[in-house]
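Reviewing the structure listed below.
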Amino acid sequence: MSYSCGMAEFIVKDEVRKAVSTNPGFAAGLVRMHFHDCFIRGCDASVLLDSTPSNTAEKDSPANKPSLRGYEVIDHAKAKLEAVCPGIVSCADILAFAARDSVEFAGGLGYDVPAGRRDGRISLASDTRTELPPPTFNVNQLTQLFARKGLTQDEMVTLSGAHTIGRSHCSSFSNRLYNFSASSRQDPSLDPSYAALLKRQSLLKRQCPQGSTNPTLVVPMNPSSPGIADVGYYVDILSNRGLFTSDQTLLTDAETASQVEQNARDSYQWASKFADAMVKMGQISVLTGNAGEIRTNCRVVSS
């Protein structure tokens, strides 16, 4: 592809730069979008397809709506690419490039993204229920799900570090604050002072009041440096400040706990492993050759 549309990666990077400089949160959004794309039917841009009267697409499932963001960044890049080299660069490749650029703009390591993915024609909201890890998963469930995608337990711990950037809606962790179990309202594995911070009055409204279904209430995943791809995520977990059950659970297994400790100690090693794991994730079940298509508009199937 580098031969047929040499400017592709520069054009995508320029769009990502513009978006992230306006709103740094787009970096986390695009990384997560690529992850959610690759875990469902492989990295085929199925997450970008709009719903139709007869089908609810992935993007409109509870796992992705309202939390996924950055679709317009991909749209802008696609429009520019269609103007200079029509029909060459897939939406799946654009999303893979954009995720890499986002990691870089957030202070992580850049990496080479192999290109040549083609776009899928199927997007089903129902797939999100079985193929994406919910924030309530424990370490065994996470390990098994990632293994189904060809990723090791170590790569699962490494990729979980993407939670070093971005934000979470309260509904993803409020069970840990208010109704954890029959014996404990608050999750005992959550640092009490952090729990209090999450509950406390923030100005006139609580950050995450009990029973809230307000989709606009969000908190940073890694409060000390929410916009920087660093090992603060792992440091938080070691002090029982992982936001999700699926974050804190990494301390419940000797092997994953040891990886958390290593990552917390060595930021360059984590950044390097993260780049490698992103490349591998970006190759899950890709469509090549005559499979799939190259969409003209990332939101609709072309043929």
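Ordered as shown in the structure tokens, chains take letters A, B, and onward, while each chain numbers its residues from 1 and ligands are numbered from 1 in the order shown.
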Residues of region 24-266 of chain A in strand (DSSP E), written as an NGL selection string: :A and (167-169 or 201-202 or 205-206 or 218-220)
Selection: 12 Å around Ala115 (chain A), only C-alpha atoms, excl. self and same-chain fewer than 3 positions, as a list in words: Met1, Ser2, Tyr3, Ser4, Cys5, Gly6, Ala8, Glu9, Cys43, Asp44, Ile88, Val89, Ser90, Cys91, Ala92, Asp93, Ile94, Leu95, Ala96, Phe97, Asp112, Arg118, Val279, Gly282, Gln283, Val286, Leu287 and Thr288 of chain A
Atom-to-atom span, CA of Arg129 (chain A) and CA of Ser67 (chain A), Å: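 Going from CA of Arg129 (chain A) over to CA of Ser67 (chain A), I get 15.3 Å.
The space separating CA of Ile165 (chain A) from CA of Gly227 (chain A) comes to 5.2 Å.
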Exercise: region 290-300 of chain A partners within 8 Å, only C-alpha atoms, chain neighbours under 4 positions left out, as JSON, numbers by chain: {"A": [45, 48, 49, 50, 74, 75, 78, 79, 82, 86, 87, 88, 89, 90, 91, 118, 119, 120, 121]}
Distance in Å - CA of Tyr111 (chain A) versus CA of Asp276 (chain A):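 CA of Asp276 (chain A) lies 7.8 Å from CA of Tyr111 (chain A).
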Selection: 8 Å around Val16 (chain A), only C-alpha atoms, excl. self and same-chain fewer than 4 positions, as a PyMOL selection string: chain A and resi 12+20+27+73+98+101-102
Picked from region 116-239 of chain A by DSSP as helix (DSSP H, G or I), as JSON, numbers by chain: {"A": [127, 128, 129, 130, 131, 139, 140, 141, 142, 143, 144, 145, 146, 147, 148, 153, 154, 155, 156, 157, 158, 159, 160, 161, 162, 163, 164, 170, 171, 172, 175, 176, 177, 178, 192, 193, 194, 195, 196, 197, 198, 199, 232, 233, 234, 235, 236, 237, 238]}
